[in-house]
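What's in start_24.txt: compact mmCIF, C-alpha atoms and all ligand atoms
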```txt
# COMPACT_ATOMS: atom_id res chain seq x y z
CA MET A 1244 -11.83 -72.36 49.69
CA THR A 1245 -14.71 -70.03 50.52
CA SER A 1246 -13.79 -66.51 51.50
CA ASP A 1247 -15.02 -64.93 54.72
CA SER A 1248 -12.04 -62.61 54.72
CA ASN A 1249 -12.71 -58.91 54.57
CA SER A 1250 -9.43 -58.11 52.86
CA ILE A 1251 -9.87 -56.92 49.29
CA GLU A 1252 -6.90 -59.02 48.10
CA THR A 1253 -8.54 -62.27 49.24
CA LYS A 1254 -12.03 -61.27 48.17
CA SER A 1255 -10.90 -60.33 44.67
CA ILE A 1256 -9.74 -63.92 44.15
CA HIS A 1257 -12.28 -65.97 46.09
CA ALA A 1258 -15.45 -64.06 46.99
CA GLY A 1259 -18.60 -65.56 45.52
CA ALA A 1260 -16.84 -68.55 43.92
CA TYR A 1261 -18.80 -71.79 43.50
CA GLU A 1262 -18.18 -74.31 46.24
CA PRO A 1263 -17.59 -77.13 45.42
CA LYS A 1264 -15.66 -75.97 42.37
CA VAL A 1265 -17.29 -76.72 39.00
CA ASN A 1266 -15.87 -80.12 37.98
CA LYS A 1267 -12.98 -79.33 40.37
CA ALA A 1268 -11.67 -76.67 37.95
CA VAL A 1269 -9.51 -74.17 39.83
CA THR A 1270 -10.69 -71.41 37.49
CA LEU A 1271 -14.38 -71.02 36.70
CA PRO A 1272 -14.81 -72.21 33.08
CA ILE A 1273 -16.57 -70.11 30.44
CA PHE A 1274 -20.22 -71.16 30.15
CA GLN A 1275 -20.58 -70.49 26.44
CA SER A 1276 -24.26 -71.40 26.31
CA SER A 1277 -27.08 -69.04 25.39
CA THR A 1278 -29.73 -71.15 27.08
CA PHE A 1279 -29.91 -73.64 29.94
CA GLU A 1280 -32.11 -76.65 30.67
CA TYR A 1281 -35.43 -75.57 32.15
CA SER A 1282 -36.24 -76.41 35.77
CA ASP A 1283 -39.66 -76.18 37.39
CA ASN A 1284 -38.79 -73.52 39.97
CA GLU A 1285 -38.37 -70.87 37.25
CA SER A 1286 -41.69 -69.21 37.91
CA ASP A 1287 -40.99 -65.86 36.24
CA TYR A 1288 -39.62 -64.91 32.80
CA HIS A 1289 -36.66 -63.24 34.54
CA ASP A 1290 -35.79 -66.52 36.37
CA ILE A 1291 -35.39 -68.55 33.18
CA LYS A 1292 -31.71 -69.36 32.63
CA TYR A 1293 -30.80 -67.48 29.46
CA LEU A 1294 -27.70 -65.51 28.59
CA ARG A 1295 -29.44 -62.17 27.99
CA LEU A 1296 -30.95 -62.40 31.48
CA ASN A 1297 -27.45 -62.17 33.02
CA ASN A 1298 -27.84 -65.34 35.07
CA THR A 1299 -25.22 -67.76 33.75
CA PRO A 1300 -22.68 -69.10 36.30
CA ASN A 1301 -20.10 -66.60 34.98
CA HIS A 1302 -22.49 -63.70 35.70
CA ILE A 1303 -23.54 -65.02 39.09
CA VAL A 1304 -19.97 -65.30 40.38
CA LEU A 1305 -19.12 -61.82 39.11
CA HIS A 1306 -22.21 -60.33 40.76
CA ARG A 1307 -21.28 -61.87 44.11
CA ARG A 1308 -17.62 -60.86 43.79
CA LEU A 1309 -18.28 -57.24 42.82
CA ALA A 1310 -20.77 -56.81 45.67
CA ALA A 1311 -18.20 -58.25 48.09
CA LEU A 1312 -15.44 -55.92 46.85
CA GLU A 1313 -17.49 -52.85 47.78
CA ASN A 1314 -19.16 -54.40 50.85
CA ALA A 1315 -22.50 -53.83 49.12
CA GLU A 1316 -25.69 -55.88 49.01
CA ALA A 1317 -25.76 -56.79 45.31
CA ALA A 1318 -24.24 -56.17 41.89
CA LEU A 1319 -24.95 -56.55 38.18
CA VAL A 1320 -22.51 -56.69 35.27
CA THR A 1321 -23.32 -55.03 31.97
CA SER A 1322 -21.93 -54.93 28.44
CA SER A 1323 -20.12 -51.59 29.04
CA GLY A 1324 -19.80 -48.79 31.57
CA MET A 1325 -22.24 -46.75 29.49
CA ALA A 1326 -24.72 -49.67 29.57
CA ALA A 1327 -24.52 -49.60 33.39
CA ILE A 1328 -25.02 -45.83 33.54
CA SER A 1329 -27.75 -45.52 30.90
CA THR A 1330 -29.69 -48.60 32.04
CA SER A 1331 -29.60 -47.49 35.69
CA LEU A 1332 -30.86 -43.98 34.92
CA LEU A 1333 -33.54 -45.33 32.58
CA ALA A 1334 -34.61 -47.87 35.19
CA LEU A 1335 -34.90 -45.38 38.05
CA MET A 1336 -36.28 -42.31 36.25
CA LYS A 1337 -39.46 -41.69 34.27
CA ALA A 1338 -41.04 -38.78 32.38
CA GLY A 1339 -41.49 -35.81 34.71
CA ASP A 1340 -38.65 -36.81 37.07
CA HIS A 1341 -35.67 -34.51 37.65
CA LEU A 1342 -31.97 -35.34 38.01
CA LEU A 1343 -29.18 -33.39 39.72
CA ILE A 1344 -25.85 -34.27 38.14
CA GLN A 1345 -22.25 -33.11 38.63
CA ASP A 1346 -21.25 -30.61 35.92
CA CYS A 1347 -17.74 -31.91 35.18
CA LEU A 1348 -17.93 -35.62 34.45
CA TYR A 1349 -17.22 -38.32 31.86
CA GLY A 1350 -18.21 -37.01 28.40
CA GLY A 1351 -20.35 -40.04 27.51
CA THR A 1352 -22.47 -39.65 30.64
CA HIS A 1353 -22.75 -35.92 30.00
CA SER A 1354 -24.03 -36.45 26.45
CA PHE A 1355 -26.29 -39.38 27.38
CA VAL A 1356 -28.09 -37.18 29.91
CA ALA A 1357 -28.17 -34.03 27.78
CA GLU A 1358 -29.11 -35.71 24.48
CA ASP A 1359 -30.87 -39.01 25.22
CA LEU A 1360 -32.30 -39.10 28.73
CA VAL A 1361 -34.09 -35.78 28.13
CA LYS A 1362 -36.00 -37.40 25.24
CA THR A 1363 -37.72 -39.68 27.77
CA GLY A 1364 -39.17 -36.60 29.52
CA VAL A 1365 -36.62 -36.52 32.34
CA THR A 1366 -35.25 -33.04 33.15
CA PHE A 1367 -31.89 -32.30 34.75
CA ASP A 1368 -29.69 -29.60 36.25
CA PHE A 1369 -25.93 -29.63 36.49
CA ILE A 1370 -24.55 -28.95 39.97
CA ASP A 1371 -21.20 -27.71 41.18
CA ALA A 1372 -20.24 -30.71 43.29
CA GLN A 1373 -17.86 -28.58 45.39
CA ASN A 1374 -20.60 -26.22 46.53
CA PRO A 1375 -23.41 -27.98 48.47
CA LYS A 1376 -25.12 -24.67 49.27
CA SER A 1377 -25.91 -24.19 45.58
CA TRP A 1378 -27.74 -27.56 45.29
CA GLU A 1379 -30.82 -26.51 47.26
CA LYS A 1380 -31.70 -23.86 44.65
CA LYS A 1381 -31.79 -26.51 41.91
CA LEU A 1382 -33.81 -29.04 43.90
CA LYS A 1383 -37.41 -29.61 42.71
CA PRO A 1384 -40.29 -31.64 44.13
CA GLN A 1385 -39.71 -33.95 41.11
CA THR A 1386 -35.99 -34.50 41.86
CA LYS A 1387 -35.35 -38.24 42.20
CA VAL A 1388 -31.64 -38.82 41.75
CA ILE A 1389 -28.32 -37.11 42.54
CA TYR A 1390 -25.33 -38.30 40.46
CA VAL A 1391 -21.61 -37.63 40.99
CA GLU A 1392 -18.19 -39.17 40.23
CA THR A 1393 -15.76 -40.14 43.00
CA ILE A 1394 -12.77 -38.62 41.20
CA SER A 1395 -13.95 -36.57 38.25
CA ASN A 1396 -12.74 -37.17 34.71
CA PRO A 1397 -10.45 -35.50 33.57
CA LEU A 1398 -9.78 -32.81 36.21
CA LEU A 1399 -9.53 -35.17 39.19
CA GLN A 1400 -11.83 -33.14 41.43
CA ILE A 1401 -13.19 -34.77 44.55
CA ALA A 1402 -16.81 -33.79 45.14
CA ASP A 1403 -18.07 -33.11 48.65
CA LEU A 1404 -19.21 -36.72 48.87
CA LYS A 1405 -20.30 -36.56 52.52
CA ALA A 1406 -22.54 -33.60 51.67
CA VAL A 1407 -23.95 -35.54 48.68
CA ILE A 1408 -25.02 -38.38 50.97
CA GLU A 1409 -26.57 -36.06 53.56
CA PHE A 1410 -28.39 -34.12 50.85
CA ALA A 1411 -29.66 -37.32 49.21
CA LYS A 1412 -30.91 -38.74 52.50
CA PHE A 1413 -32.54 -35.53 53.65
CA ASN A 1414 -34.36 -35.08 50.34
CA ARG A 1415 -35.03 -38.81 49.75
CA LEU A 1416 -33.04 -38.97 46.52
CA VAL A 1417 -31.31 -42.03 45.11
CA SER A 1418 -27.57 -41.33 45.31
CA MET A 1419 -25.48 -42.62 42.41
CA ILE A 1420 -21.70 -42.39 42.10
CA ASP A 1421 -19.44 -43.35 39.21
CA ASN A 1422 -16.59 -45.05 41.09
CA THR A 1423 -14.56 -45.99 38.00
CA PHE A 1424 -11.54 -43.77 38.70
CA ALA A 1425 -11.20 -44.78 42.36
CA SER A 1426 -11.95 -48.52 41.94
CA PRO A 1427 -13.11 -50.51 44.99
CA VAL A 1428 -9.51 -50.45 46.26
CA ASN A 1429 -9.55 -46.69 46.86
CA PHE A 1430 -13.24 -46.06 47.62
CA ARG A 1431 -16.24 -48.24 48.49
CA PRO A 1432 -19.42 -46.17 48.08
CA ALA A 1433 -21.69 -48.53 50.06
CA GLU A 1434 -19.53 -47.99 53.17
CA TRP A 1435 -20.46 -44.27 52.95
CA GLU A 1436 -24.11 -45.18 52.30
CA PHE A 1437 -24.32 -44.32 48.62
CA ASP A 1438 -27.23 -46.23 47.09
CA LEU A 1439 -25.50 -47.20 43.82
CA SER A 1440 -21.94 -47.30 42.55
CA LEU A 1441 -21.31 -47.47 38.79
CA HIS A 1442 -18.21 -48.74 37.04
CA SER A 1443 -16.70 -48.86 33.65
CA CYS A 1444 -15.07 -52.28 34.32
CA THR A 1445 -13.25 -51.62 31.05
CA LYS A 1446 -10.85 -49.65 33.27
CA TYR A 1447 -9.33 -50.73 36.61
CA LEU A 1448 -11.59 -53.68 37.40
CA ASN A 1449 -10.52 -55.57 34.28
CA GLY A 1450 -7.23 -53.71 34.02
CA HIS A 1451 -5.88 -55.12 30.77
CA SER A 1452 -7.49 -52.99 28.04
CA ASP A 1453 -8.90 -56.06 26.31
CA ILE A 1454 -12.66 -55.88 27.01
CA VAL A 1455 -15.46 -53.36 27.43
CA ALA A 1456 -17.67 -54.05 30.47
CA GLY A 1457 -19.63 -52.29 33.18
CA ALA A 1458 -21.19 -52.83 36.57
CA VAL A 1459 -23.67 -51.36 38.98
CA ILE A 1460 -23.22 -52.22 42.65
CA GLY A 1461 -25.38 -51.31 45.63
CA ARG A 1462 -28.77 -51.77 47.27
CA GLU A 1463 -30.44 -55.05 46.40
CA ALA A 1464 -33.89 -53.62 45.66
CA LEU A 1465 -32.45 -51.08 43.22
CA ILE A 1466 -30.22 -53.67 41.54
CA LYS A 1467 -33.32 -55.81 41.02
CA THR A 1468 -35.12 -52.95 39.26
CA ILE A 1469 -32.05 -52.24 37.10
CA THR A 1470 -31.63 -55.95 36.25
CA HIS A 1471 -35.22 -56.02 35.04
CA LYS A 1472 -34.52 -53.05 32.73
CA LEU A 1473 -31.21 -54.52 31.53
CA ASN A 1474 -32.96 -57.77 30.68
CA HIS A 1475 -35.27 -55.79 28.40
CA LEU A 1476 -32.66 -53.46 26.90
CA GLY A 1477 -30.28 -56.36 26.33
CA GLY A 1478 -26.95 -54.91 27.50
CA THR A 1479 -25.61 -58.31 28.58
CA LEU A 1480 -21.92 -59.04 29.10
CA ASP A 1481 -20.90 -62.05 27.00
CA PRO A 1482 -19.47 -65.08 28.87
CA HIS A 1483 -15.96 -64.74 27.47
CA SER A 1484 -15.77 -61.13 28.67
CA CYS A 1485 -17.17 -62.28 32.05
CA PHE A 1486 -14.28 -64.75 32.26
CA LEU A 1487 -11.70 -62.07 31.35
CA LEU A 1488 -13.22 -59.62 33.84
CA GLU A 1489 -13.12 -62.21 36.62
CA ARG A 1490 -9.47 -62.91 35.77
CA GLY A 1491 -8.63 -59.20 35.73
CA ILE A 1492 -10.25 -58.59 39.11
CA LYS A 1493 -7.92 -61.13 40.71
CA THR A 1494 -4.99 -58.70 40.47
CA LEU A 1495 -6.99 -55.52 41.12
CA ALA A 1496 -5.49 -54.65 44.50
CA LEU A 1497 -1.89 -55.33 43.39
CA ARG A 1498 -2.28 -53.21 40.29
CA VAL A 1499 -4.15 -50.28 41.84
CA ARG A 1500 -1.85 -49.98 44.87
CA PHE A 1501 1.17 -49.83 42.53
CA GLN A 1502 -0.59 -47.34 40.27
CA ASN A 1503 -1.49 -45.11 43.27
CA GLU A 1504 2.18 -44.91 44.24
CA SER A 1505 3.50 -44.50 40.74
CA ALA A 1506 1.02 -41.75 39.78
CA LEU A 1507 1.88 -39.80 42.95
CA LYS A 1508 5.61 -39.92 42.13
CA ILE A 1509 4.95 -38.86 38.52
CA ALA A 1510 2.65 -36.02 39.65
CA GLN A 1511 5.39 -34.83 42.04
CA PHE A 1512 7.97 -34.99 39.24
CA LEU A 1513 5.75 -33.06 36.79
CA SER A 1514 4.83 -30.39 39.32
CA THR A 1515 8.51 -29.43 39.68
CA HIS A 1516 9.30 -29.48 35.94
CA ARG A 1517 9.88 -26.06 34.36
CA ALA A 1518 7.90 -26.89 31.19
CA VAL A 1519 4.75 -27.81 33.15
CA SER A 1520 2.30 -25.08 34.17
CA LYS A 1521 -0.25 -27.08 36.19
CA VAL A 1522 -0.74 -30.61 37.53
CA TYR A 1523 -4.11 -32.02 38.58
CA TYR A 1524 -3.74 -34.89 41.06
CA PRO A 1525 -5.63 -35.26 44.37
CA GLY A 1526 -2.54 -36.68 46.08
CA LEU A 1527 -0.64 -33.38 45.75
CA GLU A 1528 -0.94 -31.07 48.74
CA VAL A 1529 -1.66 -28.15 46.41
CA HIS A 1530 -4.78 -29.91 45.06
CA PRO A 1531 -7.82 -27.94 46.34
CA GLN A 1532 -9.48 -31.10 47.71
CA TYR A 1533 -6.33 -32.78 49.05
CA ARG A 1534 -7.65 -32.97 52.65
CA ARG A 1535 -10.98 -34.38 51.49
CA ALA A 1536 -9.22 -36.95 49.31
CA GLN A 1537 -7.11 -38.01 52.30
CA GLU A 1538 -10.21 -38.45 54.43
CA LEU A 1539 -12.32 -40.33 51.89
CA LEU A 1540 -9.91 -42.37 49.79
CA ASN A 1541 -7.49 -45.20 50.50
CA GLY A 1542 -5.34 -44.06 47.58
CA PHE A 1543 -5.40 -41.18 45.10
CA GLY A 1544 -5.66 -43.28 41.94
CA GLY A 1545 -3.57 -43.87 38.85
CA VAL A 1546 -4.75 -40.96 36.68
CA LEU A 1547 -3.34 -37.44 36.60
CA SER A 1548 -3.76 -34.51 34.22
CA PHE A 1549 -1.44 -31.63 33.42
CA GLU A 1550 -0.95 -28.57 31.24
CA LEU A 1551 2.26 -27.32 29.63
CA LYS A 1552 3.58 -23.76 29.43
CA GLY A 1553 3.82 -24.23 25.64
CA GLY A 1554 0.05 -24.80 25.24
CA SER A 1555 -1.58 -27.11 22.68
CA ASP A 1556 1.45 -27.31 20.34
CA ALA A 1557 3.65 -28.43 23.21
CA ALA A 1558 1.01 -30.96 24.29
CA VAL A 1559 0.80 -32.47 20.78
CA SER A 1560 4.57 -32.63 20.57
CA LEU A 1561 4.93 -34.27 24.02
CA ILE A 1562 2.40 -36.96 23.09
CA ASP A 1563 4.35 -37.58 19.86
CA ARG A 1564 7.65 -37.87 21.65
CA VAL A 1565 6.91 -40.18 24.59
CA LYS A 1566 8.00 -43.74 23.86
CA ILE A 1567 6.48 -45.85 26.65
CA SER A 1568 3.02 -44.27 26.93
CA THR A 1569 0.57 -45.12 24.16
CA HIS A 1570 -1.46 -42.29 22.66
CA ALA A 1571 -4.96 -43.62 23.30
CA PRO A 1572 -8.11 -42.78 25.25
CA SER A 1573 -9.34 -45.02 28.10
CA LEU A 1574 -7.50 -45.67 31.36
CA GLY A 1575 -6.95 -48.10 34.19
CA GLY A 1576 -4.96 -50.71 32.25
CA VAL A 1577 -1.53 -52.18 32.92
CA GLU A 1578 -0.06 -50.01 30.15
CA THR A 1579 0.34 -46.24 30.45
CA LEU A 1580 -1.99 -44.30 28.16
CA ILE A 1581 -1.74 -40.62 27.30
CA THR A 1582 -4.43 -38.48 25.68
CA ARG A 1583 -5.86 -34.98 25.34
CA PRO A 1584 -9.42 -35.30 26.73
CA GLY A 1585 -10.54 -32.15 24.87
CA VAL A 1586 -10.07 -33.91 21.53
CA THR A 1587 -10.91 -37.49 22.58
CA THR A 1588 -12.95 -38.54 25.64
CA HIS A 1589 -14.68 -35.17 26.10
CA ILE A 1590 -15.02 -34.10 22.47
CA SER A 1591 -18.80 -34.58 22.63
CA ILE A 1592 -19.08 -31.64 25.08
CA PRO A 1593 -19.43 -28.36 23.11
CA PRO A 1594 -16.09 -26.39 23.13
CA GLU A 1595 -17.46 -23.36 25.08
CA GLU A 1596 -18.91 -25.65 27.74
CA ARG A 1597 -15.65 -27.63 27.90
CA LEU A 1598 -13.68 -24.45 28.50
CA LYS A 1599 -16.14 -23.32 31.17
CA LEU A 1600 -15.55 -26.63 32.94
CA GLY A 1601 -11.80 -26.08 32.79
CA ILE A 1602 -11.02 -28.69 30.13
CA ARG A 1603 -8.60 -26.81 27.86
CA ASP A 1604 -7.45 -28.24 24.54
CA ASP A 1605 -3.88 -28.49 25.86
CA LEU A 1606 -4.90 -30.55 28.90
CA ILE A 1607 -3.06 -33.90 28.89
CA ARG A 1608 -4.38 -36.91 30.81
CA LEU A 1609 -2.03 -39.70 31.82
CA SER A 1610 -3.33 -43.07 32.97
CA VAL A 1611 -0.36 -44.61 34.73
CA GLY A 1612 0.14 -48.32 34.10
CA ILE A 1613 2.35 -50.78 35.95
CA GLU A 1614 5.61 -50.14 34.08
CA ALA A 1615 8.56 -49.12 36.29
CA THR A 1616 7.91 -45.62 37.64
CA ALA A 1617 11.51 -44.57 36.98
CA ASP A 1618 11.15 -45.56 33.30
CA LEU A 1619 7.95 -43.52 32.92
CA ILE A 1620 9.52 -40.47 34.58
CA SER A 1621 12.63 -40.72 32.43
CA ASP A 1622 10.48 -41.07 29.28
CA LEU A 1623 8.38 -38.00 30.20
CA ASP A 1624 11.50 -36.05 31.14
CA GLY A 1625 13.10 -36.79 27.75
CA ALA A 1626 9.94 -35.82 25.88
CA LEU A 1627 9.49 -32.59 27.87
C1 LIG B 1701 -15.57 -42.34 34.50
C2 LIG B 1701 -16.12 -43.15 33.35
N1 LIG B 1701 -17.35 -43.65 33.45
C3 LIG B 1701 -17.90 -44.38 32.46
C4 LIG B 1701 -17.23 -44.60 31.28
C5 LIG B 1701 -17.88 -45.40 30.18
O1 LIG B 1701 -17.37 -46.68 30.16
P1 LIG B 1701 -17.35 -47.67 28.90
O2 LIG B 1701 -16.43 -47.10 27.89
O3 LIG B 1701 -16.93 -48.98 29.48
O4 LIG B 1701 -18.76 -47.71 28.39
C6 LIG B 1701 -15.93 -44.12 31.13
C7 LIG B 1701 -15.17 -44.36 29.89
O5 LIG B 1701 -14.12 -43.80 29.65
C8 LIG B 1701 -15.36 -43.35 32.20
O6 LIG B 1701 -14.13 -42.83 32.12
```

Just give me the structure as structure tokens.
Amino acid sequence: MTSDSNSIETKSIHAGAYEPKVNKAVTLPIFQSSTFEYSDNESDYHDIKYLRLNNTPNHIVLHRRLAALENAEAALVTSSGMAAISTSLLALMKAGDHLLIQDCLYGGTHSFVAEDLVKTGVTFDFIDAQNPKSWEKKLKPQTKVIYVETISNPLLQIADLKAVIEFAKFNRLVSMIDNTFASPVNFRPAEWEFDLSLHSCTKYLNGHSDIVAGAVIGREALIKTITHKLNHLGGTLDPHSCFLLERGIKTLALRVRFQNESALKIAQFLSTHRAVSKVYYPGLEVHPQYRRAQELLNGFGGVLSFELKGGSDAAVSLIDRVKISTHAPSLGGVETLITRPGVTTHISIPPEERLKLGIRDDLIRLSVGIEATADLISDLDGAL
């Protein structure tokens, strides 16, 4: 069956599949071959069929499927989320160019920009994504790219995304958004005219915490430039991981819709608990960007953060006592994970800067899996 349906459930199973099916196999087999027989129409080095060039049948189907999920023109899979982010920035920026980037974002992206990208001669300024008026002051004639996250990690802020797009268009900047936390179920950047959406597919897209993978989705011309760079840097996703990612994507909508609902119920439970001092979740009416989240997102996501009245000691003890949640970084899988971002995912940000951003050492991040919501609440209640 080919899929002309626009529903994300159908597209996540069928979009971009080979028709007819390869040897009538219902599931696309793993093409575990580094090289492919040469054919005469391969006029360019980048057209030769070779695993590092990301053009095996497993890659091609994933590219078509990911583009379809976000209603975008094209997509490219990479060996990790960081490979997608670093390769895209390296492909689109050169010495002398300037980047505007959200101040509170995934620690790996933060350190890549501050420690590595600057060594190529690119300069950058952090921006407060809630305050569009402040962006103008940081804009330079050399500014080329504006970069934000849909739902920021780990404080779950929702940037003024409509203002980002307007600002990017007006100033002819490439707009990039890390859409990992929202997933294509809750937000599709191309529909809002973002140029590029980045994903750690390690998270919701794969959903089973068994591979590391990434993707960049968006305008065809930009994806072509990034593919060229990826082919040189070598951040290819191996065929077995391609297969697992394709399998994971098939249940994306089912998982994320359940996780949206479950996380909201858990956030509501925590916000009324006497041991909890603050809950960060965009689906709570008290969240400062609740209205914006309602307007932009189809769901508020499966991640929430919270602080306890007892501070860091209480946070350590809670993490020790929960039985269902696993103490581990990462997110977006079927199993609930609990972590303190200040000592794991965001440890690479210097402590003073972390505090300035609002990431306290006692902040706990919960990535809600697909276990029964009542079990997770009862487990947290017991531990609190
Ligand atoms: C929002 C976000 N973007 C990117 C990444 C990097 O992804 P990966 O670990 O797949 O390289 C992560 C990892 O936690 C993340 O949370």

Record the distance separating CA of Tyr1390 in chain A and CA of Leu1343 in chain A, expressed in Å with one decimal.
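We find that CA of Tyr1390 in chain A and CA of Leu1343 in chain A lie 6.3 Å from each other.
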
Using only C-alpha atoms and all ligand atoms, what does the table of chain A residues within 7 Å of ligand LIG 1701 (chain B) look like, with each row giving the shortest atom pair and its distance in Å to one decimal, sorted by chain and ascending number, as a Markdown table?
```
| residue | atom | partner | partner_atom | distance |
| --- | --- | --- | --- | --- |
| A:Ser1323 | CA | B:LIG1701 | O3 | 4.1 |
| A:Gly1324 | CA | B:LIG1701 | O1 | 3.5 |
| A:Met1325 | CA | B:LIG1701 | O4 | 3.8 |
| A:Ala1326 | CA | B:LIG1701 | O4 | 6.4 |
| A:Tyr1349 | CA | B:LIG1701 | C1 | 5.1 |
| A:Gly1351 | CA | B:LIG1701 | C5 | 6.5 |
| A:Thr1352 | CA | B:LIG1701 | C3 | 6.8 |
| A:Asn1396 | CA | B:LIG1701 | C1 | 5.9 |
| A:Asp1421 | CA | B:LIG1701 | N1 | 6.1 |
| A:Thr1423 | CA | B:LIG1701 | C1 | 5.2 |
| A:Phe1424 | CA | B:LIG1701 | C1 | 6.0 |
| A:His1442 | CA | B:LIG1701 | N1 | 6.3 |
| A:Ser1443 | CA | B:LIG1701 | O1 | 4.2 |
| A:Cys1444 | CA | B:LIG1701 | O3 | 6.1 |
| A:Thr1445 | CA | B:LIG1701 | O3 | 4.8 |
| A:Val1455 | CA | B:LIG1701 | O3 | 5.1 |
| A:Ala1456 | CA | B:LIG1701 | O3 | 5.2 |
| A:Gly1457 | CA | B:LIG1701 | O3 | 5.7 |
| A:Ser1573 | CA | B:LIG1701 | O5 | 5.2 |
| A:Thr1588 | CA | B:LIG1701 | O5 | 6.7 |
```

Name all residues at most 8 Å from range 1373-1386 of chain A (count only C-alpha atoms; drop same-chain ones fewer than 4 positions away) and give them as a PyMOL selection string.
chain A and resi 1339-1343+1368+1401-1403+1406-1407+1416

Return the padded bounding box of range 1278-1287 of chain A as JSON: axis-aligned, built from all atoms listed in the file, 4 Å added on each side, with centre and edge lengths in Å to one decimal.
```
{"center_x": -35.7, "center_y": -71.3, "center_z": 33.5, "size_x": 20.0, "size_y": 18.8, "size_z": 20.9}
```

Taking 6 positions as the minimum chain separation for residues in the same chain, which residues sit within 9 Å of Val1391 in chain A when counting all atoms listed in the file? Answer as a PyMOL selection string.
chain A and resi 1343-1346+1348+1372+1402+1404+1407+1418-1422

With C-alpha atoms retained, export the selected residues as a PDB file, keeping the file's coordinate frame.
```pdb
ATOM      1  CA  LEU A1343     -29.180 -33.390  39.720  1.00  0.00           C
ATOM      2  CA  ILE A1344     -25.850 -34.270  38.140  1.00  0.00           C
ATOM      3  CA  GLN A1345     -22.250 -33.110  38.630  1.00  0.00           C
ATOM      4  CA  ASP A1346     -21.250 -30.610  35.920  1.00  0.00           C
ATOM      5  CA  LEU A1348     -17.930 -35.620  34.450  1.00  0.00           C
ATOM      6  CA  ALA A1372     -20.240 -30.710  43.290  1.00  0.00           C
ATOM      7  CA  ALA A1402     -16.810 -33.790  45.140  1.00  0.00           C
ATOM      8  CA  LEU A1404     -19.210 -36.720  48.870  1.00  0.00           C
ATOM      9  CA  VAL A1407     -23.950 -35.540  48.680  1.00  0.00           C
ATOM     10  CA  SER A1418     -27.570 -41.330  45.310  1.00  0.00           C
ATOM     11  CA  MET A1419     -25.480 -42.620  42.410  1.00  0.00           C
ATOM     12  CA  ILE A1420     -21.700 -42.390  42.100  1.00  0.00           C
ATOM     13  CA  ASP A1421     -19.440 -43.350  39.210  1.00  0.00           C
ATOM     14  CA  ASN A1422     -16.590 -45.050  41.090  1.00  0.00           C
TER      15      ASN A1422
END
```

Neighbouring residues of range 1565-1568 of chain A were defined as those with any atom within 8 Å, considering all atoms listed in the file; residues of the same chain fewer than 2 positions away were excluded. Please report them as an mmCIF file with C-alpha atoms, in the frame of the given file.
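For reference, part35.cif as written:
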```cif
data_model
loop_
_atom_site.group_PDB
_atom_site.id
_atom_site.type_symbol
_atom_site.label_atom_id
_atom_site.label_comp_id
_atom_site.auth_asym_id
_atom_site.auth_seq_id
_atom_site.Cartn_x
_atom_site.Cartn_y
_atom_site.Cartn_z
ATOM 1 C CA LEU A 1561 4.930 -34.270 24.020
ATOM 2 C CA ILE A 1562 2.400 -36.960 23.090
ATOM 3 C CA ASP A 1563 4.350 -37.580 19.860
ATOM 4 C CA HIS A 1570 -1.460 -42.290 22.660
ATOM 5 C CA GLU A 1578 -0.060 -50.010 30.150
ATOM 6 C CA THR A 1579 0.340 -46.240 30.450
ATOM 7 C CA LEU A 1580 -1.990 -44.300 28.160
ATOM 8 C CA ILE A 1581 -1.740 -40.620 27.300
ATOM 9 C CA LEU A 1619 7.950 -43.520 32.920
ATOM 10 C CA ASP A 1622 10.480 -41.070 29.280
ATOM 11 C CA LEU A 1623 8.380 -38.000 30.200
ATOM 12 C CA GLY A 1625 13.100 -36.790 27.750
ATOM 13 C CA ALA A 1626 9.940 -35.820 25.880
#
```

Against range 1247-1270 of chain A, which residues of range 1309-1421 of chain A fall within 10 Å? For each one I want the closest pair of atoms and the distance in Å (one decimal), counting all atoms listed in the file, rows by chain and increasing residue number, as a Markdown table.
```
| residue | atom | partner | partner_atom | distance |
| --- | --- | --- | --- | --- |
| A:Leu1309 | CA | A:Ser1255 | CA | 8.2 |
| A:Ala1310 | CA | A:Gly1259 | CA | 9.0 |
| A:Ala1311 | CA | A:Ala1258 | CA | 6.5 |
| A:Leu1312 | CA | A:Ile1251 | CA | 6.2 |
| A:Glu1313 | CA | A:Ile1251 | CA | 8.8 |
| A:Asn1314 | CA | A:Asn1249 | CA | 8.7 |
```

Could you tell me how far CA of Ser1452 in chain A lies from CA of Val1577 in chain A, in Å and to one decimal?
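Between CA of Ser1452 in chain A and CA of Val1577 in chain A the gap works out to 7.7 Å.
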
Please determine, counting only C-alpha atoms, which residue among A:Thr1569, A:Asn1449, A:Gln1400, A:Thr1479 has the shortest atom-to-atom distance to Leu1294 in chain A.
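Closest to Leu1294 in chain A, using only C-alpha atoms: A:Thr1479.
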
Any idea what's packed within 12 Å of Pro1593 in chain A, counting only C-alpha atoms, ignoring anything in its chain fewer than 2 positions away? Could you give it as a short mmCIF file (atom, residue, chain, number, x, y, z; two decimals) with C-alpha atoms, in the coordinates of the input?
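Final output, saved to result_9.cif:
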```cif
data_model
loop_
_atom_site.label_atom_id
_atom_site.label_comp_id
_atom_site.auth_asym_id
_atom_site.auth_seq_id
_atom_site.Cartn_x
_atom_site.Cartn_y
_atom_site.Cartn_z
CA GLY A 1350 -18.21 -37.01 28.40
CA HIS A 1353 -22.75 -35.92 30.00
CA SER A 1354 -24.03 -36.45 26.45
CA ALA A 1357 -28.17 -34.03 27.78
CA GLY A 1585 -10.54 -32.15 24.87
CA VAL A 1586 -10.07 -33.91 21.53
CA HIS A 1589 -14.68 -35.17 26.10
CA ILE A 1590 -15.02 -34.10 22.47
CA SER A 1591 -18.80 -34.58 22.63
CA GLU A 1595 -17.46 -23.36 25.08
CA GLU A 1596 -18.91 -25.65 27.74
CA ARG A 1597 -15.65 -27.63 27.90
CA LEU A 1598 -13.68 -24.45 28.50
CA LYS A 1599 -16.14 -23.32 31.17
CA LEU A 1600 -15.55 -26.63 32.94
CA ILE A 1602 -11.02 -28.69 30.13
CA ARG A 1603 -8.60 -26.81 27.86
#
```
